[in-house]
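Asks: If it helps, the file is called entry_12.csv and holds CSV, C-alpha atoms and all ligand atoms:
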```csv
chain,number,residue,atom,x,y,z
P,30,MET,CA,0.0,0.0,0.0
P,31,SER,CA,1.3,3.5,-0.8
P,32,PRO,CA,2.0,5.8,2.1
P,33,PRO,CA,-0.5,8.5,2.9
P,34,LEU,CA,0.2,11.8,1.2
P,35,VAL,CA,0.6,15.0,3.3
P,36,VAL,CA,0.7,18.2,1.3
P,37,VAL,CA,3.0,20.8,3.0
P,38,LEU,CA,2.1,24.3,1.7
P,39,ASN,CA,4.0,27.5,2.2
P,40,GLY,CA,2.7,31.0,1.5
P,41,PRO,CA,4.3,34.3,0.5
P,42,ASN,CA,7.9,35.3,1.3
P,43,LEU,CA,8.7,31.9,2.8
P,44,ASN,CA,11.0,31.4,-0.3
P,45,LEU,CA,13.2,34.0,1.4
P,46,LEU,CA,13.7,31.9,4.6
P,47,GLY,CA,17.3,32.0,5.7
P,48,MET,CA,17.9,35.6,4.5
P,49,ARG,CA,14.6,37.2,5.6
P,50,GLU,CA,14.7,38.7,9.1
P,51,PRO,CA,16.9,35.9,10.5
P,52,ASP,CA,16.5,37.2,14.0
P,53,LYS,CA,12.8,36.3,13.7
P,54,TYR,CA,12.6,33.4,11.2
P,55,GLY,CA,16.0,31.8,11.7
P,56,THR,CA,18.8,30.9,9.3
P,57,ALA,CA,17.3,27.7,7.8
P,58,THR,CA,16.3,28.0,4.2
P,59,LEU,CA,13.1,26.7,2.7
P,60,ASP,CA,15.2,23.9,1.1
P,61,ASP,CA,16.4,23.0,4.6
P,62,VAL,CA,12.8,22.9,5.8
P,63,GLU,CA,11.9,20.6,2.9
P,64,ALA,CA,14.8,18.3,3.7
P,65,LEU,CA,13.7,18.2,7.4
P,66,CYS,CA,10.1,17.4,6.4
P,67,ALA,CA,11.2,14.7,4.0
P,68,GLU,CA,13.4,13.1,6.7
P,69,ILE,CA,10.6,13.2,9.3
P,70,ALA,CA,8.0,12.0,6.9
P,71,GLU,CA,10.0,9.0,5.9
P,72,GLY,CA,10.4,8.0,9.5
P,73,LEU,CA,6.6,8.3,10.0
P,74,GLY,CA,5.6,6.4,6.9
P,75,LEU,CA,4.2,9.4,5.1
P,76,ALA,CA,4.7,10.8,1.6
P,77,ILE,CA,5.0,14.5,1.3
P,78,ASP,CA,4.4,17.1,-1.5
P,79,PHE,CA,6.2,20.3,-0.3
P,80,ARG,CA,5.4,23.5,-2.1
P,81,GLN,CA,5.7,27.3,-1.8
P,82,THR,CA,4.0,30.1,-3.7
P,83,ASN,CA,3.7,33.8,-3.4
P,84,GLY,CA,0.2,33.8,-5.0
P,85,GLU,CA,-3.0,33.6,-3.1
P,86,GLY,CA,-4.9,32.1,-6.0
P,87,GLU,CA,-2.3,29.4,-6.6
P,88,LEU,CA,-2.3,28.5,-2.9
P,89,ILE,CA,-6.1,28.1,-3.0
P,90,THR,CA,-5.9,26.0,-6.1
P,91,TRP,CA,-3.3,23.7,-4.5
P,92,VAL,CA,-5.6,23.3,-1.4
P,93,GLN,CA,-8.5,22.5,-3.7
P,94,GLU,CA,-6.4,19.8,-5.5
P,95,CYS,CA,-5.9,18.1,-2.2
P,96,ARG,CA,-9.4,16.7,-2.2
P,97,GLY,CA,-9.3,13.0,-3.0
P,98,ARG,CA,-5.5,13.2,-3.3
P,99,ALA,CA,-4.1,13.9,0.1
P,100,ALA,CA,-4.7,12.6,3.6
P,101,GLY,CA,-3.9,15.9,5.3
P,102,ILE,CA,-2.5,19.4,4.9
P,103,VAL,CA,0.2,21.2,6.8
P,104,ILE,CA,0.2,24.9,5.9
P,105,ASN,CA,2.2,27.9,6.8
P,106,PRO,CA,-0.1,30.5,5.2
P,107,ALA,CA,2.4,33.4,6.1
P,108,GLY,CA,0.9,36.7,5.1
P,109,TYR,CA,-2.4,35.2,3.9
P,110,THR,CA,-3.1,33.9,7.5
P,111,THR,CA,-4.7,37.2,8.5
P,112,THR,CA,-6.3,38.2,5.2
P,113,SER,CA,-7.6,35.3,3.1
P,114,ILE,CA,-11.1,34.3,3.5
P,115,GLY,CA,-10.7,32.4,0.2
P,116,LEU,CA,-7.9,30.3,1.7
P,117,MET,CA,-10.0,29.6,4.8
P,118,ASP,CA,-13.0,28.6,2.6
P,119,ALA,CA,-10.8,26.3,0.5
P,120,LEU,CA,-9.4,24.5,3.6
P,121,LEU,CA,-13.0,24.1,4.9
P,122,ALA,CA,-14.1,22.7,1.6
P,123,VAL,CA,-11.5,20.0,1.3
P,124,ASP,CA,-12.6,18.5,4.6
P,125,LEU,CA,-9.2,17.1,5.6
P,126,PRO,CA,-7.1,17.4,8.8
P,127,VAL,CA,-5.2,20.7,8.6
P,128,ILE,CA,-2.3,21.8,10.8
P,129,GLU,CA,-1.4,25.5,10.6
P,130,VAL,CA,2.3,26.3,11.3
P,131,HIS,CA,3.9,29.6,12.1
P,132,ILE,CA,7.6,29.8,12.6
P,133,THR,CA,7.3,32.7,14.9
P,134,ASN,CA,4.9,33.1,17.8
P,135,ILE,CA,2.4,35.3,16.1
P,136,HIS,CA,0.7,36.0,19.4
P,137,ARG,CA,3.8,37.8,20.7
P,138,ARG,CA,4.0,39.9,17.6
P,139,GLU,CA,2.1,42.9,16.1
P,140,GLU,CA,-1.6,42.7,16.7
P,141,PHE,CA,-2.4,42.6,13.0
P,142,ARG,CA,-0.6,39.2,12.9
P,143,GLN,CA,-2.7,37.6,15.6
P,144,HIS,CA,-6.0,37.0,14.0
P,145,SER,CA,-6.0,33.9,11.8
P,146,PHE,CA,-8.8,33.1,9.4
P,147,VAL,CA,-6.9,29.8,8.7
P,148,SER,CA,-7.3,28.8,12.3
P,149,LYS,CA,-11.1,28.6,11.7
P,150,ALA,CA,-10.3,25.7,9.3
P,151,ALA,CA,-7.4,24.1,11.2
P,152,THR,CA,-7.4,21.0,13.3
P,153,GLY,CA,-4.5,22.4,15.3
P,154,VAL,CA,-2.0,25.3,15.3
P,155,ILE,CA,1.8,25.3,16.0
P,156,ALA,CA,3.5,28.7,16.5
P,157,GLY,CA,6.7,29.9,17.8
P,158,LEU,CA,8.9,26.8,17.7
P,159,GLY,CA,10.9,27.8,14.6
P,160,VAL,CA,11.1,25.5,11.7
P,161,GLN,CA,10.9,22.5,14.1
P,162,GLY,CA,7.2,23.3,14.0
P,163,TYR,CA,6.9,21.6,10.6
P,164,ALA,CA,8.4,18.4,12.0
P,165,LEU,CA,6.0,18.5,15.0
P,166,ALA,CA,3.1,19.2,12.6
P,167,LEU,CA,4.0,16.1,10.6
P,168,GLU,CA,4.2,14.0,13.7
P,169,ALA,CA,0.8,15.2,14.8
P,170,MET,CA,-0.6,14.6,11.3
P,171,ALA,CA,0.6,11.0,11.3
P,172,GLY,CA,-1.4,10.5,14.5
P,173,LEU,CA,-4.5,12.2,13.1
P,174,ILE,CA,-4.5,10.1,9.9
P,175,GLY,CA,-3.4,6.9,11.6
P,176,ALA,CA,-0.2,6.4,9.5
P,177,GLU,CA,1.8,3.2,10.1
P,178,ASP,CA,5.3,3.7,11.5
P,179,PRO,CA,7.5,1.7,9.0
P,180,ASP,CA,9.7,0.6,12.0
P,181,ASP,CA,6.8,-0.9,13.9
P,182,GLU,CA,6.5,-4.7,13.8
P,183,ALA,CA,3.3,-5.8,12.0
D,201,LIG,C1,5.3,34.1,8.4
D,201,LIG,C2,5.0,35.2,7.8
D,201,LIG,O1,5.4,35.5,6.5
D,201,LIG,C3,4.2,36.3,8.4
D,201,LIG,O2,3.4,37.0,7.5
D,201,LIG,C4,3.3,35.8,9.6
D,201,LIG,C5,4.7,33.7,9.7
D,201,LIG,C6,4.2,34.9,10.5
D,201,LIG,C7,5.5,32.7,10.5
D,201,LIG,O3,5.8,33.0,11.7
D,201,LIG,O4,5.9,31.7,9.9
D,201,LIG,O5,2.8,36.9,10.3
```
Please express the file's structure as C-alpha cells.
Replies:
Amino acid sequence: MSPPLVVVLNGPNLNLLGMREPDKYGTATLDDVEALCAEIAEGLGLAIDFRQTNGEGELITWVQECRGRAAGIVINPAGYTTTSIGLMDALLAVDLPVIEVHITNIHRREEFRQHSFVSKAATGVIAGLGVQGYALALEAMAGLIGAEDPDDEA
C-alpha cells in the first residue's frame, strides 16, 4: 500500500527563509525545511508534497487539489493567514485534517498578525517553535490520519 500523502504548503515570502529577518525566522532556508520534512515524513511512513507560492490564488488551487488526493494538509499561510477568507474557505471545503504552522509566535508579535482566518479551518496550530514546528506538525498529522510507522512490527 502506498504511504498516505501529506501536502505541505508555504505561503508568500517563505521562499526567502534564511535571509529574511533571520532574527525572527532563523537561518534555515526553505530547502532546509523541505529536507527536514522529507526526513521526518520518511520515519513516519508518510509521503509529502512540499510547495511554496507567493500567489494567493495558486495556494487556494493547491488546497482544492488536495481533495481526493491527500490525507492531510500542513500549511504555513504566512501573510495570507490574516487576510484570506478564500484560503479559509478552500481549507474548509476539502474536509481534511489541517495543521497550521507559524515559525514565529504570532501572538507575541504585532496585533495585526494575531487573528488567523486559517485557524477557523485548522485542526491544530503550532506557532513559535521555529522550523521544528513543521516536524511537529507532521508527527501530529501522522497521529491524526493513523499512519503506520514503518519501523513498527506488524
Ligand atoms: C510568516 C509570515 O510570513 C508572516 O506573514 C506571519 C509567519 C508569520 C511565520 O511565523 O511563519 O505573520
Asks: Segment 33-49 of chain P: which residues within 6 Å, counting only C-alpha atoms, same-chain residues fewer than 6 positions away excluded, as a list of chain:residue names?
Replies: P:Thr56, P:Ala57, P:Thr58, P:Leu59, P:Leu75, P:Ala76, P:Ile77, P:Asp78, P:Phe79, P:Arg80, P:Gln81, P:Thr82, P:Asn83, P:Ala99, P:Ala100, P:Gly101, P:Ile102, P:Val103, P:Ile104, P:Asn105, P:Pro106, P:Ala107
Asks: Kindly compile the residues surrounding ligand LIG 201 (chain D) within 9 Å, counting all atoms listed in the file, and format them as a PyMOL selection string.
Replies: chain P and resi 39-43+53-54+105-111+130-135+138-139+141-143+156-157+159-160
Asks: Next, the residues of the selection above should be written as an mmCIF file, in the coordinates of the input with C-alpha atoms.
Replies:
```cif
data_model
loop_
_atom_site.group_PDB
_atom_site.id
_atom_site.type_symbol
_atom_site.label_atom_id
_atom_site.label_comp_id
_atom_site.auth_asym_id
_atom_site.auth_seq_id
_atom_site.Cartn_x
_atom_site.Cartn_y
_atom_site.Cartn_z
ATOM 1 C CA ASN P 39 4.000 27.500 2.200
ATOM 2 C CA GLY P 40 2.700 31.000 1.500
ATOM 3 C CA PRO P 41 4.300 34.300 0.500
ATOM 4 C CA ASN P 42 7.900 35.300 1.300
ATOM 5 C CA LEU P 43 8.700 31.900 2.800
ATOM 6 C CA LYS P 53 12.800 36.300 13.700
ATOM 7 C CA TYR P 54 12.600 33.400 11.200
ATOM 8 C CA ASN P 105 2.200 27.900 6.800
ATOM 9 C CA PRO P 106 -0.100 30.500 5.200
ATOM 10 C CA ALA P 107 2.400 33.400 6.100
ATOM 11 C CA GLY P 108 0.900 36.700 5.100
ATOM 12 C CA TYR P 109 -2.400 35.200 3.900
ATOM 13 C CA THR P 110 -3.100 33.900 7.500
ATOM 14 C CA THR P 111 -4.700 37.200 8.500
ATOM 15 C CA VAL P 130 2.300 26.300 11.300
ATOM 16 C CA HIS P 131 3.900 29.600 12.100
ATOM 17 C CA ILE P 132 7.600 29.800 12.600
ATOM 18 C CA THR P 133 7.300 32.700 14.900
ATOM 19 C CA ASN P 134 4.900 33.100 17.800
ATOM 20 C CA ILE P 135 2.400 35.300 16.100
ATOM 21 C CA ARG P 138 4.000 39.900 17.600
ATOM 22 C CA GLU P 139 2.100 42.900 16.100
ATOM 23 C CA PHE P 141 -2.400 42.600 13.000
ATOM 24 C CA ARG P 142 -0.600 39.200 12.900
ATOM 25 C CA GLN P 143 -2.700 37.600 15.600
ATOM 26 C CA ALA P 156 3.500 28.700 16.500
ATOM 27 C CA GLY P 157 6.700 29.900 17.800
ATOM 28 C CA GLY P 159 10.900 27.800 14.600
ATOM 29 C CA VAL P 160 11.100 25.500 11.700
#
```
Asks: Quick one: everything within 7 Å of segment 164-169 of chain P, counting all atoms listed in the file, minus sequence neighbours fewer than 6 positions away in the same chain. Send it as a list of chain:residue names.
Replies: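 So the residues in contact are P:Cys66, P:Ile69, P:Ala70, P:Val103, P:Ile128.
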Asks: Work out how far apart atom CA of Asp60 of chain P and atom CA of Met117 of chain P are and give it in Å to one decimal.
Replies: 26.1 Å
Asks: Find the distance between atom CA of Glu94 of chain P and atom CA of Ser145 of chain P and write it in Å to one decimal.
Replies: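 So the answer is 22.3 Å.
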Asks: Just how far from atom CA of Met170 of chain P is atom CA of Gly72 of chain P, in Å to one decimal?
Replies: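 One can read the atom CA of Gly72 of chain P to atom CA of Met170 of chain P distance as 13.0 Å.
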Asks: Taking all atoms listed in the file into account, name the residue in P:Ala67, P:Ala176, P:Leu73, P:Leu121 that is nearest to Phe146 of chain P.
Replies: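 Of P:Ala67, P:Ala176, P:Leu73, P:Leu121, the one nearest Phe146 of chain P, counting all atoms listed in the file, is P:Leu121.
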